[in-house]
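Engineer: So here's final11.txt, just compact mmCIF, C-alpha atoms:
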# COMPACT_ATOMS: atom_id res chain seq x y z
CA MET S 587 106.96 123.50 116.77
CA SER S 588 108.30 120.13 115.73
CA ALA S 589 106.20 117.57 113.88
CA PRO S 590 104.61 114.75 115.89
CA THR S 591 106.18 111.31 115.89
CA ILE S 592 103.92 108.84 114.11
CA GLU S 593 104.03 105.10 114.53
CA VAL S 594 103.79 103.17 111.26
CA ARG S 595 102.96 99.48 110.87
CA ILE S 596 104.82 97.87 107.98
CA PRO S 597 103.40 94.83 106.13
CA THR S 598 105.50 91.67 105.68
CA ILE S 599 106.17 92.36 102.01
CA LEU S 600 107.81 95.73 102.78
CA ARG S 601 109.81 94.65 105.82
CA PRO S 602 112.94 93.97 103.77
CA TYR S 603 113.14 97.79 103.55
CA THR S 604 112.88 98.26 107.32
CA LYS S 605 115.39 95.60 108.39
CA ASN S 606 112.39 93.41 109.19
CA GLU S 607 110.97 95.88 111.71
CA LYS S 608 107.16 95.51 112.01
CA THR S 609 106.75 99.00 113.38
CA VAL S 610 108.80 102.08 112.63
CA SER S 611 108.27 105.75 113.38
CA ALA S 612 108.82 109.07 111.66
CA GLU S 613 108.01 112.72 112.24
CA ALA S 614 105.43 114.31 109.97
CA THR S 615 102.39 116.58 109.95
CA ASN S 616 100.74 114.94 106.95
CA LEU S 617 100.92 111.67 105.06
CA GLY S 618 103.02 113.05 102.20
CA GLU S 619 105.66 114.20 104.69
CA LEU S 620 105.49 110.85 106.42
CA VAL S 621 106.19 108.94 103.20
CA ALA S 622 109.12 111.29 102.45
CA ALA S 623 110.51 110.80 105.96
CA LEU S 624 110.15 107.02 105.71
CA ASP S 625 111.91 106.99 102.36
CA LYS S 626 114.78 108.98 103.84
CA SER S 627 115.28 106.42 106.62
CA TYR S 628 114.41 103.35 104.54
CA THR S 629 115.63 103.91 101.00
CA GLY S 630 113.30 102.55 98.35
CA LEU S 631 110.23 102.37 100.55
CA GLY S 632 108.78 105.56 99.03
CA ASP S 633 108.83 104.01 95.58
CA ARG S 634 106.79 101.06 96.81
CA LEU S 635 104.13 103.41 98.16
CA LEU S 636 103.98 106.09 95.46
CA GLU S 637 103.57 106.19 91.72
CA ASN S 638 103.75 109.52 89.87
CA GLY S 639 103.55 111.33 93.19
CA GLU S 640 100.30 109.64 94.29
CA LEU S 641 99.61 106.66 96.52
CA ARG S 642 99.70 103.45 94.52
CA ARG S 643 96.27 102.09 93.70
CA PHE S 644 96.94 98.72 95.37
CA ILE S 645 98.51 100.03 98.56
CA ASN S 646 96.04 100.82 101.33
CA VAL S 647 97.08 103.28 104.01
CA TYR S 648 95.06 103.93 107.14
CA ILE S 649 95.33 106.61 109.78
CA ASN S 650 94.02 104.89 112.89
CA ASP S 651 90.90 103.15 111.46
CA GLU S 652 90.31 105.34 108.41
CA ASP S 653 91.39 104.69 104.84
CA VAL S 654 93.36 107.81 103.85
CA ARG S 655 91.59 107.91 100.47
CA PHE S 656 88.66 109.35 102.35
CA MET S 657 90.88 111.85 104.19
CA GLY S 658 92.70 113.58 101.35
CA SER S 659 95.28 110.86 100.64
CA LEU S 660 98.80 112.36 100.90
CA ALA S 661 97.36 115.63 102.25
CA ALA S 662 95.73 113.83 105.21
CA THR S 663 96.92 115.51 108.40
CA LEU S 664 98.65 113.69 111.23
CA LYS S 665 98.63 114.58 114.89
CA ALA S 666 100.40 113.27 117.97
CA GLY S 667 99.13 109.82 118.89
CA ASP S 668 98.00 108.85 115.39
CA SER S 669 99.11 105.52 114.10
CA VAL S 670 99.44 104.63 110.43
CA THR S 671 98.96 101.15 108.98
CA ILE S 672 100.14 100.19 105.49
CA LEU S 673 98.51 97.14 103.89
CA PRO S 674 98.89 95.96 100.31
CA ALA S 675 95.52 95.23 98.73
CA VAL S 676 94.52 91.60 98.50
CA ALA S 677 93.48 91.60 94.88
CA GLY S 678 93.85 89.92 91.54
CA GLY S 679 91.84 88.64 88.65
CA CYS S 680 91.84 86.48 85.60
CA MET I 1014 105.93 72.49 99.69
CA THR I 1015 102.51 70.98 100.22
CA LEU I 1016 99.23 72.52 101.29
CA ARG I 1017 97.48 70.25 103.81
CA ILE I 1018 93.83 71.19 104.03
CA SER I 1019 90.61 69.70 105.37
CA SER I 1020 88.09 68.53 102.77
CA LYS I 1021 85.41 70.64 104.49
CA TYR I 1022 87.30 73.80 103.50
CA VAL I 1023 87.88 72.58 99.95
CA ASP I 1024 84.14 71.87 99.64
CA ALA I 1025 83.22 75.22 101.20
CA ILE I 1026 85.47 77.20 98.84
CA LEU I 1027 84.16 75.37 95.76
CA GLU I 1028 80.61 75.95 96.96
CA GLN I 1029 81.30 79.66 97.52
CA SER I 1030 82.74 79.94 93.99
CA ARG I 1031 79.50 78.49 92.56
CA VAL I 1032 77.24 80.66 94.70
CA GLU I 1033 79.07 83.87 93.77
CA TYR I 1034 79.40 82.98 90.09
CA PRO I 1035 79.51 84.91 87.73
CA ASP I 1036 81.63 87.04 90.06
CA GLU I 1037 84.97 85.90 91.35
CA CYS I 1038 84.83 84.83 95.00
CA CYS I 1039 87.63 85.32 97.52
CA GLY I 1040 88.68 84.73 101.10
CA VAL I 1041 91.39 83.53 103.45
CA ILE I 1042 92.06 80.71 105.87
CA LEU I 1043 93.80 81.68 109.09
CA GLY I 1044 95.94 79.58 111.37
CA PRO I 1045 98.18 80.03 114.41
CA GLU I 1046 101.29 82.08 113.64
CA GLY I 1047 104.07 79.91 112.24
CA SER I 1048 101.86 76.81 112.05
CA ASP I 1049 101.19 76.72 108.27
CA ASP I 1050 97.94 75.02 109.33
CA PRO I 1051 94.73 76.41 107.80
CA GLN I 1052 92.12 76.28 110.58
CA VAL I 1053 89.69 79.20 110.30
CA LEU I 1054 87.91 79.81 107.01
CA LYS I 1055 86.98 83.44 106.37
CA PRO I 1056 85.06 84.09 103.16
CA MET I 1057 85.53 87.74 102.14
CA ILE I 1058 83.35 90.04 100.07
CA ASN I 1059 84.68 90.72 96.60
CA ALA I 1060 84.45 94.53 96.68
CA ALA I 1061 85.04 94.60 92.91
CA HIS I 1062 81.89 92.47 92.30
CA SER I 1063 83.40 91.40 89.01
CA PRO I 1064 83.79 88.23 86.91
CA THR I 1065 87.37 89.22 86.09
CA PHE I 1066 88.69 90.86 89.25
CA TYR I 1067 88.63 90.50 93.00
CA GLU I 1068 89.64 92.84 95.78
CA PHE I 1069 89.01 92.75 99.52
CA ASP I 1070 87.13 95.79 100.77
CA SER I 1071 89.59 98.20 102.39
CA LYS I 1072 87.81 98.27 105.78
CA ASP I 1073 87.48 94.48 105.80
CA LEU I 1074 91.18 94.22 105.00
CA LEU I 1075 92.16 96.35 108.01
CA ALA I 1076 89.79 94.41 110.29
CA LEU I 1077 91.24 91.12 109.03
CA TYR I 1078 94.84 92.12 109.71
CA ARG I 1079 93.90 93.48 113.16
CA GLU I 1080 92.23 90.15 113.98
CA VAL I 1081 95.26 88.22 112.76
CA ASP I 1082 97.58 90.37 114.89
CA ASP I 1083 95.39 90.32 118.00
CA ASN I 1084 95.09 86.52 117.95
CA SER I 1085 98.72 85.76 116.99
CA GLN I 1086 97.54 84.22 113.75
CA GLU I 1087 98.77 84.27 110.19
CA ILE I 1088 97.08 84.18 106.81
CA VAL I 1089 97.83 80.62 105.74
CA VAL I 1090 95.73 80.58 102.57
CA VAL I 1091 94.54 83.36 100.24
CA TYR I 1092 91.99 82.00 97.78
CA HIS I 1093 89.92 83.23 94.87
CA SER I 1094 88.04 81.83 91.92
CA HIS I 1095 88.53 82.25 88.21
CA THR I 1096 85.18 82.18 86.48
CA GLU I 1097 86.02 81.13 82.94
CA THR I 1098 89.74 80.43 82.94
CA GLU I 1099 92.20 77.92 84.34
CA ALA I 1100 92.91 77.86 88.08
CA TYR I 1101 96.37 79.27 87.49
CA PRO I 1102 97.62 82.67 88.72
CA SER I 1103 97.07 85.40 86.14
CA ARG I 1104 99.49 88.23 85.52
CA THR I 1105 97.32 90.40 87.74
CA ASP I 1106 97.33 87.79 90.50
CA ILE I 1107 101.12 87.66 90.36
CA ALA I 1108 101.51 91.44 90.29
CA TYR I 1109 99.39 91.93 93.43
CA ALA I 1110 100.48 88.87 95.41
CA SER I 1111 101.84 90.34 98.63
CA GLU I 1112 101.97 87.49 101.13
CA PRO I 1113 105.18 85.55 100.43
CA ASN I 1114 104.35 83.07 103.21
CA ALA I 1115 100.80 82.28 102.07
CA HIS I 1116 99.48 79.48 99.91
CA TYR I 1117 97.63 81.08 97.01
CA VAL I 1118 94.69 78.81 96.18
CA LEU I 1119 92.89 79.12 92.87
CA VAL I 1120 89.66 77.40 91.96
CA SER I 1121 87.80 77.64 88.69
CA THR I 1122 84.12 77.54 87.83
CA ARG I 1123 84.69 77.10 84.09
CA LYS I 1124 82.19 74.64 82.75
CA GLU I 1125 84.34 72.33 80.65
CA ILE I 1126 86.18 71.16 83.76
CA ALA I 1127 84.46 69.75 86.80
CA PRO I 1128 85.09 72.34 89.53
CA GLU I 1129 86.21 69.69 92.01
CA ASN I 1130 89.18 69.03 89.75
CA GLU I 1131 90.23 72.63 89.79
CA PHE I 1132 91.51 73.32 93.28
CA ARG I 1133 95.17 74.22 93.02
CA SER I 1134 97.73 75.89 95.25
CA TYR I 1135 100.76 78.05 94.57
CA ARG I 1136 103.49 80.06 96.20
CA ILE I 1137 103.96 83.48 94.64
CA VAL I 1138 107.20 85.14 95.71
CA ASP I 1139 108.85 88.07 93.92
CA GLY I 1140 106.78 87.40 90.82
CA ILE I 1141 107.73 83.71 90.66
CA VAL I 1142 104.88 81.17 90.73
CA THR I 1143 105.53 77.67 92.07
CA GLU I 1144 102.68 75.18 92.06
CA GLU I 1145 102.59 72.87 95.05
CA ASP I 1146 100.86 69.63 95.98
CA VAL I 1147 97.50 69.76 97.77
CA GLU I 1148 96.88 67.07 100.36
CA ILE I 1149 93.18 66.89 101.28
CA PHE I 1150 92.27 65.06 104.46
I need this file expressed as structure tokens, please.
Structural biologist:
Amino acid sequence: MSAPTIEVRIPTILRPYTKNEKTVSAEATNLGELVAALDKSYTGLGDRLLENGELRRFINVYINDEDVRFMGSLAATLKAGDSVTILPAVAGGC
Amino acid sequence: MTLRISSKYVDAILEQSRVEYPDECCGVILGPEGSDDPQVLKPMINAAHSPTFYEFDSKDLLALYREVDDNSQEIVVVYHSHTETEAYPSRTDIAYASEPNAHYVLVSTRKEIAPENEFRSYRIVDGIVTEEDVEIF
């Protein structure tokens, strides 16, 4: 059985990697596979999402309305019809 | 570049920074997409509840971006306060700045400077900070 196609919303700051596409899609059964598939199509994108094999602390990823940190992060499973949103944290400090 | 902003928003942001002191306060001002016109003030909760750090709550962040998309808006201003230091982007601010089209507004609540003098705006693009004029009307 082939993996479902997942729609992914890309934030402004990462659109240079996706030829300015706001929404892209990739086939994957979990988030780790999705990131790998995205990096294959859009070289360099994986590096902006991962650090030492984990999601970067200041990148938020959601499956539908849920933050993936509460769903197993890269192990979070994906099914047909899911949509993924990537948002950089709005953060800073003195 | 210049940030044109209503005095009611400047006053509201400075007031929020005093109310939330000693924590940093934060928020955004939205406007119609492509307008560069800050029209809708949205104070946000500092999920870090810290005098040295701010971060939007992850659920609030998603809701905010959904609202912006649904209403064909853009984030015109991202603001936060520094509690004891100059209203100038810190290394952390620069590292996490992710809206190249936004005006990054910094205010400061440090005591030796009257807060109303410390309302400053910057562009932060690819790690480069450029201060810009603020025109208050």
Engineer: Can you list, as a tab-separated table (two decimals) with C-alpha atoms, in the frame of the given file, every protein, DNA or RNA residue that comes within 6 Å of Ala1115 (chain I) when you count all atoms listed in the file, leaving out same-chain residues fewer than 3 positions away?
Structural biologist:
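Just written: selection_16.tsv:
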chain	number	residue	atom	x	y	z
I	1089	VAL	CA	97.83	80.62	105.74
I	1090	VAL	CA	95.73	80.58	102.57
I	1112	GLU	CA	101.97	87.49	101.13
Engineer: Any idea what the distance is between CA of Asp1036 (chain I) and CA of Thr1122 (chain I)?
Structural biologist: 10.1 Å
Engineer: List as a short mmCIF file (atom, residue, chain, number, x, y, z; two decimals) with C-alpha atoms, in the coordinates of the input the protein and nucleic acid residues near Asp633 (chain S), meaning an atom at most 12 Å away when all atoms listed in the file are counted, but skip any in the same chain fewer than 5 places from it.
Structural biologist:
data_model
loop_
_atom_site.label_atom_id
_atom_site.label_comp_id
_atom_site.auth_asym_id
_atom_site.auth_seq_id
_atom_site.Cartn_x
_atom_site.Cartn_y
_atom_site.Cartn_z
CA LEU S 600 107.81 95.73 102.78
CA TYR S 603 113.14 97.79 103.55
CA VAL S 621 106.19 108.94 103.20
CA ALA S 622 109.12 111.29 102.45
CA LEU S 624 110.15 107.02 105.71
CA ASP S 625 111.91 106.99 102.36
CA LYS S 626 114.78 108.98 103.84
CA TYR S 628 114.41 103.35 104.54
CA ASN S 638 103.75 109.52 89.87
CA GLY S 639 103.55 111.33 93.19
CA GLU S 640 100.30 109.64 94.29
CA LEU S 641 99.61 106.66 96.52
CA ARG S 642 99.70 103.45 94.52
CA ILE S 645 98.51 100.03 98.56
#
Engineer: May I have the residues within 8 Å of region 1022-1034 of chain I as a list in words, using only C-alpha atoms and disregarding those fewer than 2 positions away in the same chain?
Structural biologist: Ile1018, Ser1019, Ser1020, Asp1036, Glu1037, Cys1038, Leu1054, Pro1064, His1093, Ser1094, Thr1096, Val1120, Ser1121, Thr1122, Pro1128, Glu1129, Phe1132 and Ile1149 of chain I
Engineer: Using all atoms listed in the file, which of the listed residues (S:Gly658, S:Gly618, S:Gly679, S:Pro602) sits closest to Gly632 (chain S)?
Structural biologist: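 Residue with the minimum atom-to-atom distance to Gly632 (chain S): S:Gly618.
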Engineer: Go through I:Ser1111, I:Gln1086, I:Ser1134, I:Thr1015 and flag the residue nearest Arg601 (chain S), using all atoms listed in the file for the distances.
Structural biologist: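 Looking at the shortest contact to Arg601 (chain S), the residue is I:Ser1111.
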Engineer: For chain I, work out the contacting residues on chain S at 8 Å, counting only C-alpha atoms, and write them as number ranges by chain.
Structural biologist: S: 598-599, 644, 646, 651-653, 673-680
Engineer: Edge lengths and centre, in Å to one decimal, as lines of an AutoDock Vina configuration file: that's what I need for the box along x, y and z that holds all listed atoms of region 1118-1121 of chain I plus 5 Å on each side.
Structural biologist:
center_x = 91.2
center_y = 78.3
center_z = 92.4
size_x = 16.9
size_y = 11.7
size_z = 17.5
Engineer: Give me, as a ChimeraX atom specification, all polymer residues having an atom no more than 7 Å from Thr663 (chain S), counting all atoms listed in the file and skipping those fewer than 2 positions away in the same chain.
Structural biologist: /S:615-617,661,665
Engineer: Nearest to Pro597 (chain S): which of I:Pro1056, I:Tyr1117, I:Ile1141, I:Arg1079 is it, counting all atoms listed in the file?
Structural biologist: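 With all atoms listed in the file as the atom set, the closest residue is I:Arg1079.
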Engineer: Quick one: distance from CA of Asp1146 (chain I) to CA of Met1014 (chain I) in Å, one decimal?
Structural biologist: 6.9 Å
Engineer: Could you check the closest approach to Ser588 (chain S) for each of S:Ser669, S:Arg655, S:Ala614, S:Arg643 and tell me which residue wins, using all atoms listed in the file?
Structural biologist: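 The shortest atom-to-atom distance to Ser588 (chain S) comes from S:Ala614.
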Engineer: Expressed in Å to a single decimal, how great is the separation between CA of Val1147 (chain I) and CA of Leu1016 (chain I)?
Structural biologist: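 Taking CA of Val1147 (chain I) as the start and CA of Leu1016 (chain I) as the end point, the length is 4.8 Å.
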Engineer: Taking N, CA, C and O atoms as the atom set, what does region 1076-1095 of chain I look like once completed, written as a PDB file, in the frame of the given file?
Structural biologist:
ATOM      1  N   ALA I1076      90.360  95.207 109.196  1.00  0.00           N
ATOM      2  CA  ALA I1076      89.790  94.410 110.290  1.00  0.00           C
ATOM      3  C   ALA I1076      90.428  93.012 110.312  1.00  0.00           C
ATOM      4  O   ALA I1076      90.735  92.473 111.382  1.00  0.00           O
ATOM      5  N   LEU I1077      90.641  92.463 109.128  1.00  0.00           N
ATOM      6  CA  LEU I1077      91.240  91.120 109.030  1.00  0.00           C
ATOM      7  C   LEU I1077      92.650  91.115 109.613  1.00  0.00           C
ATOM      8  O   LEU I1077      92.998  90.255 110.431  1.00  0.00           O
ATOM      9  N   TYR I1078      93.468  92.093 109.218  1.00  0.00           N
ATOM     10  CA  TYR I1078      94.840  92.120 109.710  1.00  0.00           C
ATOM     11  C   TYR I1078      94.905  92.423 111.210  1.00  0.00           C
ATOM     12  O   TYR I1078      95.787  91.929 111.912  1.00  0.00           O
ATOM     13  N   ARG I1079      93.964  93.229 111.706  1.00  0.00           N
ATOM     14  CA  ARG I1079      93.900  93.480 113.160  1.00  0.00           C
ATOM     15  C   ARG I1079      93.602  92.174 113.894  1.00  0.00           C
ATOM     16  O   ARG I1079      94.212  91.871 114.907  1.00  0.00           O
ATOM     17  N   GLU I1080      92.617  91.421 113.358  1.00  0.00           N
ATOM     18  CA  GLU I1080      92.230  90.150 113.980  1.00  0.00           C
ATOM     19  C   GLU I1080      93.418  89.185 113.999  1.00  0.00           C
ATOM     20  O   GLU I1080      93.694  88.535 115.012  1.00  0.00           O
ATOM     21  N   VAL I1081      94.112  89.111 112.878  1.00  0.00           N
ATOM     22  CA  VAL I1081      95.260  88.220 112.760  1.00  0.00           C
ATOM     23  C   VAL I1081      96.325  88.583 113.807  1.00  0.00           C
ATOM     24  O   VAL I1081      96.863  87.726 114.506  1.00  0.00           O
ATOM     25  N   ASP I1082      96.590  89.889 113.929  1.00  0.00           N
ATOM     26  CA  ASP I1082      97.580  90.370 114.890  1.00  0.00           C
ATOM     27  C   ASP I1082      97.155  90.110 116.327  1.00  0.00           C
ATOM     28  O   ASP I1082      97.932  89.629 117.141  1.00  0.00           O
ATOM     29  N   ASP I1083      95.886  90.442 116.629  1.00  0.00           N
ATOM     30  CA  ASP I1083      95.390  90.320 118.000  1.00  0.00           C
ATOM     31  C   ASP I1083      95.407  88.878 118.484  1.00  0.00           C
ATOM     32  O   ASP I1083      95.551  88.615 119.668  1.00  0.00           O
ATOM     33  N   ASN I1084      95.193  87.928 117.553  1.00  0.00           N
ATOM     34  CA  ASN I1084      95.090  86.520 117.950  1.00  0.00           C
ATOM     35  C   ASN I1084      96.361  85.728 117.644  1.00  0.00           C
ATOM     36  O   ASN I1084      96.329  84.496 117.654  1.00  0.00           O
ATOM     37  N   SER I1085      97.463  86.436 117.351  1.00  0.00           N
ATOM     38  CA  SER I1085      98.720  85.760 116.990  1.00  0.00           C
ATOM     39  C   SER I1085      98.506  84.707 115.915  1.00  0.00           C
ATOM     40  O   SER I1085      98.926  83.556 116.051  1.00  0.00           O
ATOM     41  N   GLN I1086      97.799  85.134 114.865  1.00  0.00           N
ATOM     42  CA  GLN I1086      97.540  84.220 113.750  1.00  0.00           C
ATOM     43  C   GLN I1086      98.351  84.653 112.540  1.00  0.00           C
ATOM     44  O   GLN I1086      99.047  85.663 112.562  1.00  0.00           O
ATOM     45  N   GLU I1087      98.223  83.870 111.469  1.00  0.00           N
ATOM     46  CA  GLU I1087      98.770  84.270 110.190  1.00  0.00           C
ATOM     47  C   GLU I1087      97.777  83.891 109.100  1.00  0.00           C
ATOM     48  O   GLU I1087      96.906  83.038 109.315  1.00  0.00           O
ATOM     49  N   ILE I1088      97.900  84.552 107.955  1.00  0.00           N
ATOM     50  CA  ILE I1088      97.080  84.180 106.810  1.00  0.00           C
ATOM     51  C   ILE I1088      97.781  83.010 106.138  1.00  0.00           C
ATOM     52  O   ILE I1088      98.858  83.162 105.567  1.00  0.00           O
ATOM     53  N   VAL I1089      97.191  81.822 106.278  1.00  0.00           N
ATOM     54  CA  VAL I1089      97.830  80.620 105.740  1.00  0.00           C
ATOM     55  C   VAL I1089      97.474  80.465 104.264  1.00  0.00           C
ATOM     56  O   VAL I1089      98.318  80.095 103.455  1.00  0.00           O
ATOM     57  N   VAL I1090      96.205  80.740 103.945  1.00  0.00           N
ATOM     58  CA  VAL I1090      95.730  80.580 102.570  1.00  0.00           C
ATOM     59  C   VAL I1090      95.027  81.861 102.122  1.00  0.00           C
ATOM     60  O   VAL I1090      94.238  82.434 102.880  1.00  0.00           O
ATOM     61  N   VAL I1091      95.328  82.321 100.910  1.00  0.00           N
ATOM     62  CA  VAL I1091      94.540  83.360 100.240  1.00  0.00           C
ATOM     63  C   VAL I1091      93.929  82.681  99.018  1.00  0.00           C
ATOM     64  O   VAL I1091      94.659  82.118  98.213  1.00  0.00           O
ATOM     65  N   TYR I1092      92.589  82.697  98.923  1.00  0.00           N
ATOM     66  CA  TYR I1092      91.990  82.000  97.780  1.00  0.00           C
ATOM     67  C   TYR I1092      91.084  82.918  96.975  1.00  0.00           C
ATOM     68  O   TYR I1092      90.555  83.898  97.496  1.00  0.00           O
ATOM     69  N   HIS I1093      90.951  82.583  95.691  1.00  0.00           N
ATOM     70  CA  HIS I1093      89.920  83.230  94.870  1.00  0.00           C
ATOM     71  C   HIS I1093      89.566  82.324  93.716  1.00  0.00           C
ATOM     72  O   HIS I1093      90.257  81.334  93.446  1.00  0.00           O
ATOM     73  N   SER I1094      88.476  82.662  93.041  1.00  0.00           N
ATOM     74  CA  SER I1094      88.040  81.830  91.920  1.00  0.00           C
ATOM     75  C   SER I1094      88.291  82.556  90.607  1.00  0.00           C
ATOM     76  O   SER I1094      88.257  83.782  90.532  1.00  0.00           O
ATOM     77  N   HIS I1095      88.572  81.765  89.587  1.00  0.00           N
ATOM     78  CA  HIS I1095      88.530  82.250  88.210  1.00  0.00           C
ATOM     79  C   HIS I1095      87.229  81.726  87.617  1.00  0.00           C
ATOM     80  O   HIS I1095      86.890  80.565  87.815  1.00  0.00           O
TER      81      HIS I1095
END
